[in-house]
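Asks: To start, I am sharing the structure in question, which I have written as structure tokens.
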Amino acid sequence: MARPRTPAVVWIRRASQTGFFLLFLYLFLQTVYKPVNQTGKGVKLFFQLDPLTALSSGVSARSLASGLLLGGITLLVTVLMGRWFCGWVCPFGALHNAITAWRSGRVKEKIASGGYSRWQTSKYYLLALMLAGCLFGLNLFGLLDPFSFFYRSLATVVFPAFNDLVTAAFTWVYQADPGVGRLKAAAVTEPVYEVLRRNVLSASQQRFLGTLLIALLFAAVVLLNLYRARFWCRYVCPLGALLGVAGKNPALRLKRNDQACNDCGLCVADCQGGANPAGAGSWKPSECFYCWNCRAACPRQALSFGFGAGREAELVAVQGAKEKAR
Amino acid sequence: MKGQEKVQEKMDIRSSQSRRAFIGRGAGAALGLCAGSVLSRAQSAAPSLVIAHYKSSPQAPDGIAEEARRLTREAVAALGGMGRFVSRGDVVWIKPNIGWNRRPEQAATTNPDVVATLVELCYQAGAKKVIVSDNSCNPAPASFARSGIQQAAAKAGADSFIMDERKFRQVALKGKVLQRWEVYADVLGVNKLINVPIVKHHGLCKATLGMKNLMGAVGGERSRLHQDLGNTVADLAAFFRPALVVLDGIRVLTANGPVGGNLADVARRDTVAAGVDQVAVDAFGATLLGLKPQEIGYIVEAHNRRLGTLDFESLKPRRIEI
Amino acid sequence: MIAAILRWLKAFFRPPRQERLDLSRRALLLAAVSGAGAASVARIGATEGRHNFSPALIRPPGAVAEDEFLARCVRCGECMRVCPTNALQPARGEGGWTALWTPVLNMKTGYCEYECNLCSQVCPTHAIESLTLEQKQKVRIGTAFFDRNRCLPYASARTCIVCEEHCPTPKKAIWFEEVSVLRPDGQRITVKQPRVDLELCTGCGICENKCPIADERGVRVTSVGESRHPKNQILLSLGSDGLMGY
């Protein structure tokens, strides 16, 4: 079965993920001293868009910083349209997506492991646990909120290490001073280093305590994507759980053409969220990231996304399946 | 050692530790020997110390900026012009006090217009490149910005950069107490060093002036230098021997120095002094705070080592009123 | 239209079987109770910062009182990233397990720059409240104390006062007394012995940070005197009248 041409919407989705990922990194780089006594603009944006930030500090502290109301927009969009945030916006999710896509594996294995697993409910229990704690004043959301986790790992481990390595490399060239005759490598590398120093690298190397644990956790979370697709997003993420609850009944729904479908399962192999796109009426909107991979993978064009009606048709299909089973 | 007939040149230490000349100049940096024409110019009746005083004391920022520019220009001109110190093609390091994250009116850092004027004068005298930098005590990006010096220097065409941690080199200072210390590599590679301090009170040594300002050209654990400030500062002065010292006495910090912060501690003296004898300049600077040069340990030590004279009046300084 | 909304609401709260979240009521209850239980355990602990003030728990200026702080802080790390002196570090033991990865100041890695309020600018939940520079400069985050067994003018008859040199308060919070001390060679010299003015010290830590005794500094900042905790005070004059300093 030839793989069908990737639909445009998948390319747009990838562009969106890349764009938000780069925006996250850009805002991260902008969170530095700028003359005089300020930072770049909008450095709190992702935390303000995150409804979990507002919810957790609002519930446990009974107070809400005004900027956090943007999280309400995220929730509203999710209630209407489902977990688009996870599929198109979340930069941590984009990272997991990239690692997941990178893993090799036979299609059969991917089909076997890509479908919905009851373990995906663990994130909802985690959410419930943390919310209950919040009610009594214990706010541990920051440990598992995706933006906190990602930003903290970047700030204390990844970026300082990057800064250190880049500086070390340029320093080696500067001190060893290799070259041929009067042509010195440093004459090229030093101006490049200056540009990096002014725009990307830290003014002075930052060092943090306790980074081993943060590094190990980050590495573990990233590597778990090799075991299960978007592991964090499916099993752990409390924001994903919150959005899953909010997005239980979205307006945009997956429709399946029962005649065209031959149960090959290819849609499941590439499914990011573990939403079970295959099977009559098996789709779980609370797990769907709207990545459109299922539609792209289906060689028979049996899947599509559309608004509203289709619910009745699915119900009929389910009833029909139940009756057949009896 | 009077030094009024000779241009004080910056010693360019070409030891193996300082092979890394400033990038862009490569091996082209001269050893800083003065050209013959400069010598003859100097041998006319040019003084070795000029004290310029502004008759009024403008309060508006524009007024102070104008004052700073005029004082600096006149002081250097009265000294024989920048050409006496800077030769064509020279790479010059202007070393102001950018140590602290303070505004110019708080008088913890050198007046930015004094610095900018010196940059212009250097380029007019034919300098190939002018660098303005300091090893700040507070975070450098903030200190460079808030003091106004980075912007003013860059506008005048200087290369005002924040020091790179990689570029400190162990150098043999061969001082009385400092055998070796970390010096910023780029300072070693320039032709001329112009020291531009501001006059401030200091809790330990009573006043911080030009020679103490040289601590910004070095790195390492500078806090240890305070255990013997008299000798360590004199060692630095002996090593660096700036070609020219321009003392910013427009606003001085009379108390709670060298960091200050309280505008009530800032006094206007509306004076800029310029000279080739760094001890004499410092001695004069002390008087702006109502101190006698003999009260300051490192001035006495430098005098005793014949790095200059603390009896600045004996140099017959030219006093000008503007 | 209304009917469509009602239908939608019905489907939201009573979805068809395959669209349900598949959560077991018992497991949910267990999760909730565990969360509440964990919170209770946290509350009754005599953990530092909540009831026993920990000397090492020095929070950024603008930080609210500890209970409130732990409820607001999402441990994002923005403040740690932006701190220009690298003073803000992720907490490990300083505030108990509930304070894991919240920001604390470490005066060896950095200090609180006087003319800076960047941390309060970037905090997304206002665990560190947004302060103007003038407000921040009045906030105390702790107090410095001299270790006379180490500080050079006390312990080894040497001059120093780098601490006083760097002290940023408009009137210096470090003053000194000139004392005649005995040197090992038998000579007497006069040294300036530094002392902290408890009413002026903001606990910024630049003194500790610049002290030349690199391993264990001759002057160290602890949290006492912090504006945000009226009970964590020394002086009567700065007593427990809820003085936050801003």
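Every chain in the structure tokens takes a letter, A first, then B, and so on in the order presented; its residues are numbered from 1, and the ligands are numbered from 1 following the presented order.
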Write out as a PDB file with C-alpha atoms, in the first residue's frame each polymer residue whose atoms come within 10 Å of range 184-201 of chain C, counting only C-alpha atoms; drop sequence neighbours fewer than 5 positions from it.
Replies:
```pdb
ATOM      1  CA  GLY B 203      36.258  53.558  53.467  1.00  0.00           C
ATOM      2  CA  LEU B 204      39.579  51.774  53.559  1.00  0.00           C
TER       3      LEU B 204
ATOM      4  CA  LYS C 138      13.499  49.198  50.811  1.00  0.00           C
ATOM      5  CA  VAL C 139      12.810  45.469  51.088  1.00  0.00           C
ATOM      6  CA  ARG C 140      14.973  43.432  53.429  1.00  0.00           C
ATOM      7  CA  ILE C 141      15.592  39.827  52.441  1.00  0.00           C
ATOM      8  CA  GLY C 142      17.828  39.000  55.374  1.00  0.00           C
ATOM      9  CA  THR C 143      20.694  40.322  57.473  1.00  0.00           C
ATOM     10  CA  ALA C 144      24.453  39.953  57.298  1.00  0.00           C
ATOM     11  CA  PHE C 145      26.449  38.704  60.268  1.00  0.00           C
ATOM     12  CA  PHE C 146      30.200  38.799  60.715  1.00  0.00           C
ATOM     13  CA  ARG C 148      34.685  37.142  63.888  1.00  0.00           C
ATOM     14  CA  CYS C 151      36.876  37.958  59.181  1.00  0.00           C
ATOM     15  CA  LEU C 152      40.446  39.199  58.627  1.00  0.00           C
ATOM     16  CA  PRO C 153      40.537  42.348  60.749  1.00  0.00           C
ATOM     17  CA  TYR C 154      39.193  40.360  63.697  1.00  0.00           C
ATOM     18  CA  ALA C 155      40.872  37.035  63.274  1.00  0.00           C
ATOM     19  CA  SER C 156      44.230  37.778  61.776  1.00  0.00           C
ATOM     20  CA  ALA C 157      45.107  41.424  62.205  1.00  0.00           C
ATOM     21  CA  ARG C 158      44.862  42.242  58.526  1.00  0.00           C
ATOM     22  CA  THR C 159      43.108  45.062  56.725  1.00  0.00           C
ATOM     23  CA  CYS C 160      40.281  44.328  54.382  1.00  0.00           C
ATOM     24  CA  ILE C 161      36.707  45.758  54.527  1.00  0.00           C
ATOM     25  CA  VAL C 162      35.927  44.750  50.961  1.00  0.00           C
ATOM     26  CA  CYS C 163      32.468  44.133  52.412  1.00  0.00           C
ATOM     27  CA  GLU C 164      32.040  47.762  53.359  1.00  0.00           C
ATOM     28  CA  CYS C 167      27.821  47.708  50.454  1.00  0.00           C
ATOM     29  CA  PRO C 168      25.263  49.398  48.211  1.00  0.00           C
ATOM     30  CA  THR C 169      22.899  51.076  50.651  1.00  0.00           C
ATOM     31  CA  PRO C 170      22.954  54.881  50.369  1.00  0.00           C
ATOM     32  CA  LYS C 171      24.171  55.072  53.921  1.00  0.00           C
ATOM     33  CA  LYS C 172      26.429  52.081  54.288  1.00  0.00           C
ATOM     34  CA  ALA C 173      25.004  49.286  56.371  1.00  0.00           C
ATOM     35  CA  ILE C 174      28.527  48.298  57.363  1.00  0.00           C
ATOM     36  CA  TRP C 175      30.389  50.635  59.667  1.00  0.00           C
ATOM     37  CA  PHE C 176      33.694  50.028  61.312  1.00  0.00           C
ATOM     38  CA  GLU C 177      35.535  50.619  64.503  1.00  0.00           C
ATOM     39  CA  GLU C 178      39.240  51.325  64.421  1.00  0.00           C
ATOM     40  CA  VAL C 179      40.883  48.877  66.771  1.00  0.00           C
ATOM     41  CA  VAL C 219      30.373  37.580  56.682  1.00  0.00           C
ATOM     42  CA  VAL C 221      23.616  36.535  55.320  1.00  0.00           C
ATOM     43  CA  GLY C 225      15.111  40.500  59.338  1.00  0.00           C
ATOM     44  CA  ILE C 234      15.552  40.893  65.533  1.00  0.00           C
ATOM     45  CA  LEU C 235      14.965  44.529  66.240  1.00  0.00           C
ATOM     46  CA  SER C 237      12.232  49.065  65.905  1.00  0.00           C
ATOM     47  CA  LEU C 238      11.544  46.893  62.853  1.00  0.00           C
TER      48      LEU C 238
END
```
Asks: Which parts of range 126-198 of chain C does DSSP call helix (DSSP H, G or I) when run on the backbone here, written out as a PyMOL selection string?
Replies: chain C and resi 133-136+152-155+162-166
Asks: Counting only C-alpha atoms, which residues of chain C sit at most 8 Å from some atom of chain A, and what is each one's closest atom pair with its distance in Å to one decimal, listed by chain and rising residue number, as JSON lines?
Replies:
```
{"residue": "C:Trp8", "atom": "CA", "partner": "A:Asn249", "partner_atom": "CA", "distance": 7.5}
{"residue": "C:Ala11", "atom": "CA", "partner": "A:Asn249", "partner_atom": "CA", "distance": 6.8}
{"residue": "C:Phe12", "atom": "CA", "partner": "A:Asn249", "partner_atom": "CA", "distance": 5.2}
{"residue": "C:Pro15", "atom": "CA", "partner": "A:Asn249", "partner_atom": "CA", "distance": 7.7}
{"residue": "C:Pro16", "atom": "CA", "partner": "A:Leu315", "partner_atom": "CA", "distance": 8.0}
{"residue": "C:Gln18", "atom": "CA", "partner": "A:Ser282", "partner_atom": "CA", "distance": 5.7}
{"residue": "C:Glu19", "atom": "CA", "partner": "A:Lys284", "partner_atom": "CA", "distance": 4.9}
{"residue": "C:Arg20", "atom": "CA", "partner": "A:Lys284", "partner_atom": "CA", "distance": 7.5}
{"residue": "C:Leu21", "atom": "CA", "partner": "A:Thr121", "partner_atom": "CA", "distance": 7.2}
{"residue": "C:Asp22", "atom": "CA", "partner": "A:Thr121", "partner_atom": "CA", "distance": 7.0}
{"residue": "C:Leu23", "atom": "CA", "partner": "A:Thr121", "partner_atom": "CA", "distance": 6.6}
{"residue": "C:Ala27", "atom": "CA", "partner": "A:Tyr125", "partner_atom": "CA", "distance": 7.3}
{"residue": "C:Leu28", "atom": "CA", "partner": "A:Tyr125", "partner_atom": "CA", "distance": 5.9}
{"residue": "C:Ala31", "atom": "CA", "partner": "A:Leu129", "partner_atom": "CA", "distance": 4.6}
{"residue": "C:Ala32", "atom": "CA", "partner": "A:Leu129", "partner_atom": "CA", "distance": 4.6}
{"residue": "C:Val33", "atom": "CA", "partner": "A:Ala132", "partner_atom": "CA", "distance": 7.2}
{"residue": "C:Ser34", "atom": "CA", "partner": "A:Leu129", "partner_atom": "CA", "distance": 6.2}
{"residue": "C:Gly35", "atom": "CA", "partner": "A:Leu129", "partner_atom": "CA", "distance": 4.3}
{"residue": "C:Ala36", "atom": "CA", "partner": "A:Gly133", "partner_atom": "CA", "distance": 4.7}
{"residue": "C:Gly37", "atom": "CA", "partner": "A:Gly133", "partner_atom": "CA", "distance": 7.5}
{"residue": "C:Ala38", "atom": "CA", "partner": "A:Gly133", "partner_atom": "CA", "distance": 6.6}
{"residue": "C:Ala39", "atom": "CA", "partner": "A:Gly133", "partner_atom": "CA", "distance": 5.1}
{"residue": "C:Ser40", "atom": "CA", "partner": "A:Phe136", "partner_atom": "CA", "distance": 7.2}
{"residue": "C:Ala42", "atom": "CA", "partner": "A:Leu138", "partner_atom": "CA", "distance": 7.3}
{"residue": "C:Asp67", "atom": "CA", "partner": "A:Gly137", "partner_atom": "CA", "distance": 7.8}
{"residue": "C:Glu68", "atom": "CA", "partner": "A:Ala61", "partner_atom": "CA", "distance": 5.9}
{"residue": "C:Leu70", "atom": "CA", "partner": "A:Asn139", "partner_atom": "CA", "distance": 6.7}
{"residue": "C:Ala71", "atom": "CA", "partner": "A:Ala61", "partner_atom": "CA", "distance": 5.0}
{"residue": "C:Arg72", "atom": "CA", "partner": "A:Ser57", "partner_atom": "CA", "distance": 4.6}
{"residue": "C:Cys73", "atom": "CA", "partner": "A:Gly142", "partner_atom": "CA", "distance": 7.2}
{"residue": "C:Val74", "atom": "CA", "partner": "A:Gly142", "partner_atom": "CA", "distance": 3.9}
{"residue": "C:Arg75", "atom": "CA", "partner": "A:Gly142", "partner_atom": "CA", "distance": 5.1}
{"residue": "C:Cys76", "atom": "CA", "partner": "A:Ser148", "partner_atom": "CA", "distance": 4.0}
{"residue": "C:Gly77", "atom": "CA", "partner": "A:Arg152", "partner_atom": "CA", "distance": 4.8}
{"residue": "C:Glu78", "atom": "CA", "partner": "A:Thr31", "partner_atom": "CA", "distance": 7.3}
{"residue": "C:Met80", "atom": "CA", "partner": "A:Ala155", "partner_atom": "CA", "distance": 7.4}
{"residue": "C:Arg81", "atom": "CA", "partner": "A:Ala155", "partner_atom": "CA", "distance": 5.6}
{"residue": "C:Val82", "atom": "CA", "partner": "A:Val32", "partner_atom": "CA", "distance": 4.9}
{"residue": "C:Cys83", "atom": "CA", "partner": "A:Val32", "partner_atom": "CA", "distance": 7.7}
{"residue": "C:Pro84", "atom": "CA", "partner": "A:Tyr33", "partner_atom": "CA", "distance": 6.5}
{"residue": "C:Asn86", "atom": "CA", "partner": "A:Gln206", "partner_atom": "CA", "distance": 5.9}
{"residue": "C:Gln89", "atom": "CA", "partner": "A:Phe208", "partner_atom": "CA", "distance": 6.0}
{"residue": "C:Pro90", "atom": "CA", "partner": "A:Leu209", "partner_atom": "CA", "distance": 6.8}
{"residue": "C:Arg92", "atom": "CA", "partner": "A:Gly210", "partner_atom": "CA", "distance": 7.2}
{"residue": "C:Thr98", "atom": "CA", "partner": "A:Leu140", "partner_atom": "CA", "distance": 7.4}
{"residue": "C:Thr109", "atom": "CA", "partner": "A:Arg207", "partner_atom": "CA", "distance": 7.7}
{"residue": "C:Glu115", "atom": "CA", "partner": "A:Asn37", "partner_atom": "CA", "distance": 7.8}
{"residue": "C:Cys116", "atom": "CA", "partner": "A:Asn37", "partner_atom": "CA", "distance": 6.2}
{"residue": "C:Asn117", "atom": "CA", "partner": "A:Asn37", "partner_atom": "CA", "distance": 7.4}
{"residue": "C:Leu118", "atom": "CA", "partner": "A:Gln38", "partner_atom": "CA", "distance": 6.5}
{"residue": "C:Gln121", "atom": "CA", "partner": "A:Gln38", "partner_atom": "CA", "distance": 7.8}
{"residue": "C:Val122", "atom": "CA", "partner": "A:Lys44", "partner_atom": "CA", "distance": 6.5}
{"residue": "C:Cys123", "atom": "CA", "partner": "A:Lys44", "partner_atom": "CA", "distance": 7.5}
{"residue": "C:Pro124", "atom": "CA", "partner": "A:Lys44", "partner_atom": "CA", "distance": 5.9}
{"residue": "C:Thr125", "atom": "CA", "partner": "A:Ala65", "partner_atom": "CA", "distance": 5.6}
{"residue": "C:His126", "atom": "CA", "partner": "A:Ala65", "partner_atom": "CA", "distance": 6.2}
```
Asks: Using DSSP on the backbone coordinates, identify all residues within range 9-164 of chain C classified as strand (DSSP E or B); present the result as a PDB file with N, CA and C atoms, in the first residue's frame.
Replies:
```pdb
ATOM      1  N   GLU C  48      10.964  24.256  57.929  1.00  0.00           N
ATOM      2  CA  GLU C  48      11.613  25.548  57.852  1.00  0.00           C
ATOM      3  C   GLU C  48      10.834  26.447  56.920  1.00  0.00           C
ATOM      4  N   ASN C  52       9.373  27.255  61.581  1.00  0.00           N
ATOM      5  CA  ASN C  52      10.721  27.505  62.087  1.00  0.00           C
ATOM      6  C   ASN C  52      11.452  28.204  60.964  1.00  0.00           C
ATOM      7  N   ALA C  63       9.188  38.678  47.350  1.00  0.00           N
ATOM      8  CA  ALA C  63       8.533  37.397  47.632  1.00  0.00           C
ATOM      9  C   ALA C  63       7.512  37.595  48.744  1.00  0.00           C
ATOM     10  N   LEU C  88      20.067  33.386  42.339  1.00  0.00           N
ATOM     11  CA  LEU C  88      18.883  32.557  42.577  1.00  0.00           C
ATOM     12  C   LEU C  88      19.139  31.121  42.151  1.00  0.00           C
ATOM     13  N   GLN C  89      18.934  30.214  43.093  1.00  0.00           N
ATOM     14  CA  GLN C  89      19.203  28.801  42.876  1.00  0.00           C
ATOM     15  C   GLN C  89      17.949  27.998  43.181  1.00  0.00           C
ATOM     16  N   PRO C  90      17.774  26.828  42.553  1.00  0.00           N
ATOM     17  CA  PRO C  90      16.618  25.988  42.898  1.00  0.00           C
ATOM     18  C   PRO C  90      16.815  25.360  44.282  1.00  0.00           C
ATOM     19  N   PRO C 103      12.843  29.349  44.163  1.00  0.00           N
ATOM     20  CA  PRO C 103      14.088  30.131  44.160  1.00  0.00           C
ATOM     21  C   PRO C 103      14.547  30.569  45.550  1.00  0.00           C
ATOM     22  N   VAL C 104      15.809  30.318  45.840  1.00  0.00           N
ATOM     23  CA  VAL C 104      16.436  30.863  47.052  1.00  0.00           C
ATOM     24  C   VAL C 104      17.740  31.527  46.646  1.00  0.00           C
ATOM     25  N   LEU C 105      18.153  32.511  47.446  1.00  0.00           N
ATOM     26  CA  LEU C 105      19.408  33.188  47.129  1.00  0.00           C
ATOM     27  C   LEU C 105      20.577  32.473  47.761  1.00  0.00           C
ATOM     28  N   ILE C 128       6.741  36.329  43.425  1.00  0.00           N
ATOM     29  CA  ILE C 128       7.597  37.494  43.660  1.00  0.00           C
ATOM     30  C   ILE C 128       6.803  38.674  43.118  1.00  0.00           C
ATOM     31  N   THR C 143      19.719  39.473  56.784  1.00  0.00           N
ATOM     32  CA  THR C 143      20.694  40.322  57.473  1.00  0.00           C
ATOM     33  C   THR C 143      22.057  39.658  57.422  1.00  0.00           C
ATOM     34  N   ALA C 144      23.091  40.488  57.314  1.00  0.00           N
ATOM     35  CA  ALA C 144      24.453  39.953  57.298  1.00  0.00           C
ATOM     36  C   ALA C 144      25.005  39.884  58.710  1.00  0.00           C
ATOM     37  N   PHE C 145      25.803  38.874  58.960  1.00  0.00           N
ATOM     38  CA  PHE C 145      26.449  38.704  60.268  1.00  0.00           C
ATOM     39  C   PHE C 145      27.914  38.392  60.063  1.00  0.00           C
ATOM     40  N   PHE C 146      28.771  39.061  60.846  1.00  0.00           N
ATOM     41  CA  PHE C 146      30.200  38.799  60.715  1.00  0.00           C
ATOM     42  C   PHE C 146      30.601  37.582  61.529  1.00  0.00           C
TER      43      PHE C 146
END
```
Asks: With a distance threshold of 7 Å and counting only C-alpha atoms, extract the residues of chain A near chain B and express them as a PDB file with C-alpha atoms, in the first residue's frame.
Replies:
```pdb
ATOM      1  CA  PRO A  35      19.626  47.982  29.293  1.00  0.00           C
ATOM      2  CA  VAL A  36      18.463  49.493  31.497  1.00  0.00           C
ATOM      3  CA  THR A 171      38.173  29.164  23.894  1.00  0.00           C
ATOM      4  CA  ALA A 187      40.526  35.372  13.049  1.00  0.00           C
TER       5      ALA A 187
END
```
Asks: What is the CA of Asp282 in chain B-CA of Val245 in chain B distance in Å, reported with one decimal?
Replies: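 Going from CA of Asp282 in chain B over to CA of Val245 in chain B, I get 9.1 Å.
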Asks: Excluding Tyr123 in chain B and its own-chain neighbours fewer than 3 positions away, which residues fall within 10 Å of it when counting only C-alpha atoms? Please give them as a list in words.
Replies: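 Here the qualifying residues turn out to be Met82, Gly83, Val86, Ser87, Arg88, Gly89, Asp90, Val91, Val92, Leu118, Val119, Glu120, Gly126, Ala127, Lys128, Lys129, Val130, Ala156, Gly157 and Ala158 of chain B.
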Asks: For Lys108 in chain C, work out the shell of residues within 8 Å, counting only C-alpha atoms and skipping chain neighbours fewer than 4 positions away, then give it as a PDB file with C-alpha atoms, in the first residue's frame.
Replies:
```pdb
ATOM      1  CA  ALA C  87      22.229  34.304  42.957  1.00  0.00           C
ATOM      2  CA  GLU C 208      29.319  37.762  51.592  1.00  0.00           C
ATOM      3  CA  ASN C 209      29.810  37.360  47.882  1.00  0.00           C
TER       4      ASN C 209
END
```
Asks: Can you check which residues of chain B have any atom within 10 Å of chain C? Use only C-alpha atoms and format it as an mmCIF file with N, CA and C atoms, in the first residue's frame.
Replies:
```
data_model
loop_
_atom_site.group_PDB
_atom_site.id
_atom_site.type_symbol
_atom_site.label_atom_id
_atom_site.label_comp_id
_atom_site.auth_asym_id
_atom_site.auth_seq_id
_atom_site.Cartn_x
_atom_site.Cartn_y
_atom_site.Cartn_z
ATOM 1 N N TRP B 100 30.489 50.248 38.729
ATOM 2 C CA TRP B 100 29.281 50.119 39.540
ATOM 3 C C TRP B 100 28.022 50.392 38.743
ATOM 4 N N ASN B 101 26.963 49.736 39.143
ATOM 5 C CA ASN B 101 25.666 49.860 38.502
ATOM 6 C C ASN B 101 24.974 51.113 39.043
ATOM 7 N N ARG B 102 25.482 52.261 38.631
ATOM 8 C CA ARG B 102 24.975 53.532 39.161
ATOM 9 C C ARG B 102 24.794 54.530 38.027
ATOM 10 N N ARG B 103 23.945 55.516 38.242
ATOM 11 C CA ARG B 103 23.748 56.563 37.260
ATOM 12 C C ARG B 103 24.859 57.600 37.363
ATOM 13 N N CYS B 137 32.648 45.714 39.024
ATOM 14 C CA CYS B 137 32.403 44.945 40.252
ATOM 15 C C CYS B 137 30.956 44.457 40.302
ATOM 16 N N ASN B 138 30.030 45.338 39.908
ATOM 17 C CA ASN B 138 28.637 44.917 39.754
ATOM 18 C C ASN B 138 28.498 44.269 38.373
ATOM 19 N N PRO B 139 27.361 43.607 38.087
ATOM 20 C CA PRO B 139 27.231 42.962 36.780
ATOM 21 C C PRO B 139 27.551 43.933 35.639
ATOM 22 N N ALA B 140 28.427 43.512 34.755
ATOM 23 C CA ALA B 140 28.938 44.408 33.720
ATOM 24 C C ALA B 140 27.863 44.953 32.777
ATOM 25 N N PRO B 141 26.956 44.116 32.254
ATOM 26 C CA PRO B 141 25.969 44.694 31.326
ATOM 27 C C PRO B 141 25.184 45.843 31.970
ATOM 28 N N ALA B 142 24.837 45.688 33.245
ATOM 29 C CA ALA B 142 24.076 46.729 33.927
ATOM 30 C C ALA B 142 24.943 47.958 34.176
ATOM 31 N N SER B 143 26.191 47.730 34.622
ATOM 32 C CA SER B 143 27.076 48.856 34.933
ATOM 33 C C SER B 143 27.396 49.665 33.687
ATOM 34 N N ARG B 146 23.930 51.537 32.745
ATOM 35 C CA ARG B 146 23.396 52.556 33.650
ATOM 36 C C ARG B 146 24.348 53.729 33.809
ATOM 37 N N HIS B 202 36.597 56.608 49.943
ATOM 38 C CA HIS B 202 36.725 55.161 50.079
ATOM 39 C C HIS B 202 36.950 54.841 51.539
ATOM 40 N N GLY B 203 36.220 53.858 52.033
ATOM 41 C CA GLY B 203 36.258 53.558 53.467
ATOM 42 C C GLY B 203 37.609 53.090 53.949
ATOM 43 N N LEU B 204 38.321 52.350 53.109
ATOM 44 C CA LEU B 204 39.579 51.774 53.559
ATOM 45 C C LEU B 204 40.738 52.739 53.349
ATOM 46 N N GLU B 221 41.259 37.382 42.084
ATOM 47 C CA GLU B 221 40.558 37.633 43.341
ATOM 48 C C GLU B 221 40.973 38.998 43.868
ATOM 49 N N ARG B 222 40.358 40.037 43.288
ATOM 50 C CA ARG B 222 40.808 41.396 43.595
ATOM 51 C C ARG B 222 40.571 41.780 45.050
ATOM 52 N N SER B 223 39.615 41.103 45.672
ATOM 53 C CA SER B 223 39.332 41.461 47.061
ATOM 54 C C SER B 223 40.568 41.269 47.943
ATOM 55 N N ARG B 224 41.424 40.351 47.541
ATOM 56 C CA ARG B 224 42.625 40.119 48.362
ATOM 57 C C ARG B 224 43.598 41.290 48.293
ATOM 58 N N LEU B 225 43.503 42.088 47.252
ATOM 59 C CA LEU B 225 44.424 43.216 47.126
ATOM 60 C C LEU B 225 44.266 44.197 48.278
ATOM 61 N N HIS B 226 43.119 44.185 48.920
ATOM 62 C CA HIS B 226 42.846 45.156 49.971
ATOM 63 C C HIS B 226 43.623 44.888 51.243
ATOM 64 N N GLN B 227 44.272 43.733 51.302
ATOM 65 C CA GLN B 227 45.020 43.451 52.522
ATOM 66 C C GLN B 227 46.301 44.278 52.596
ATOM 67 N N ASP B 228 46.692 44.852 51.486
ATOM 68 C CA ASP B 228 47.896 45.678 51.491
ATOM 69 C C ASP B 228 47.764 46.715 50.385
ATOM 70 N N LEU B 229 46.732 47.505 50.507
ATOM 71 C CA LEU B 229 46.358 48.399 49.413
ATOM 72 C C LEU B 229 47.479 49.355 49.027
ATOM 73 N N ALA B 255 31.166 60.856 50.515
ATOM 74 C CA ALA B 255 30.956 59.925 51.626
ATOM 75 C C ALA B 255 30.306 58.655 51.086
ATOM 76 N N ASN B 256 30.376 57.587 51.871
ATOM 77 C CA ASN B 256 29.762 56.298 51.492
ATOM 78 C C ASN B 256 30.276 55.776 50.153
ATOM 79 N N GLY B 257 31.518 56.154 49.838
ATOM 80 C CA GLY B 257 32.091 55.633 48.620
ATOM 81 C C GLY B 257 32.661 54.246 48.836
ATOM 82 N N PRO B 258 33.101 53.579 47.802
ATOM 83 C CA PRO B 258 33.132 53.986 46.400
ATOM 84 C C PRO B 258 31.851 53.670 45.654
ATOM 85 N N VAL B 259 30.833 53.194 46.351
ATOM 86 C CA VAL B 259 29.605 52.811 45.671
ATOM 87 C C VAL B 259 28.557 53.921 45.741
ATOM 88 N N GLY B 260 28.475 54.544 46.862
ATOM 89 C CA GLY B 260 27.573 55.681 47.011
ATOM 90 C C GLY B 260 26.114 55.298 46.840
ATOM 91 N N GLY B 261 25.362 56.204 46.237
ATOM 92 C CA GLY B 261 23.948 55.965 46.021
ATOM 93 C C GLY B 261 23.104 57.119 46.507
ATOM 94 N N ASN B 262 23.567 57.793 47.548
ATOM 95 C CA ASN B 262 22.814 58.914 48.088
ATOM 96 C C ASN B 262 23.270 60.188 47.400
ATOM 97 N N LEU B 263 22.334 60.857 46.722
ATOM 98 C CA LEU B 263 22.711 62.069 46.002
ATOM 99 C C LEU B 263 23.241 63.146 46.932
ATOM 100 N N ALA B 264 22.859 63.062 48.198
ATOM 101 C CA ALA B 264 23.355 64.056 49.158
ATOM 102 C C ALA B 264 24.857 63.920 49.377
ATOM 103 N N ASP B 265 25.422 62.754 49.046
ATOM 104 C CA ASP B 265 26.863 62.562 49.219
ATOM 105 C C ASP B 265 27.663 63.078 48.026
#
```
Asks: Can you pull out the residues contacting Asp270 in chain B? Cut-off 10 Å, using only C-alpha atoms, and skip same-chain residues under 4 positions away; I want them as number ranges by chain.
Replies: B: 52-58, 64, 67-68, 71, 248-252
Asks: Could you tell me how far CA of Lys95 in chain B sits from CA of Thr167 in chain A, in Å to one decimal place?
Replies: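 Spanning CA of Thr167 in chain A to CA of Lys95 in chain B is a straight-line distance of 26.1 Å.
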Asks: So how far away is CA of Trp292 in chain A from CA of Val9 in chain A, in Å?
Replies: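 Taking CA of Val9 in chain A and CA of Trp292 in chain A, their separation equals 7.2 Å.
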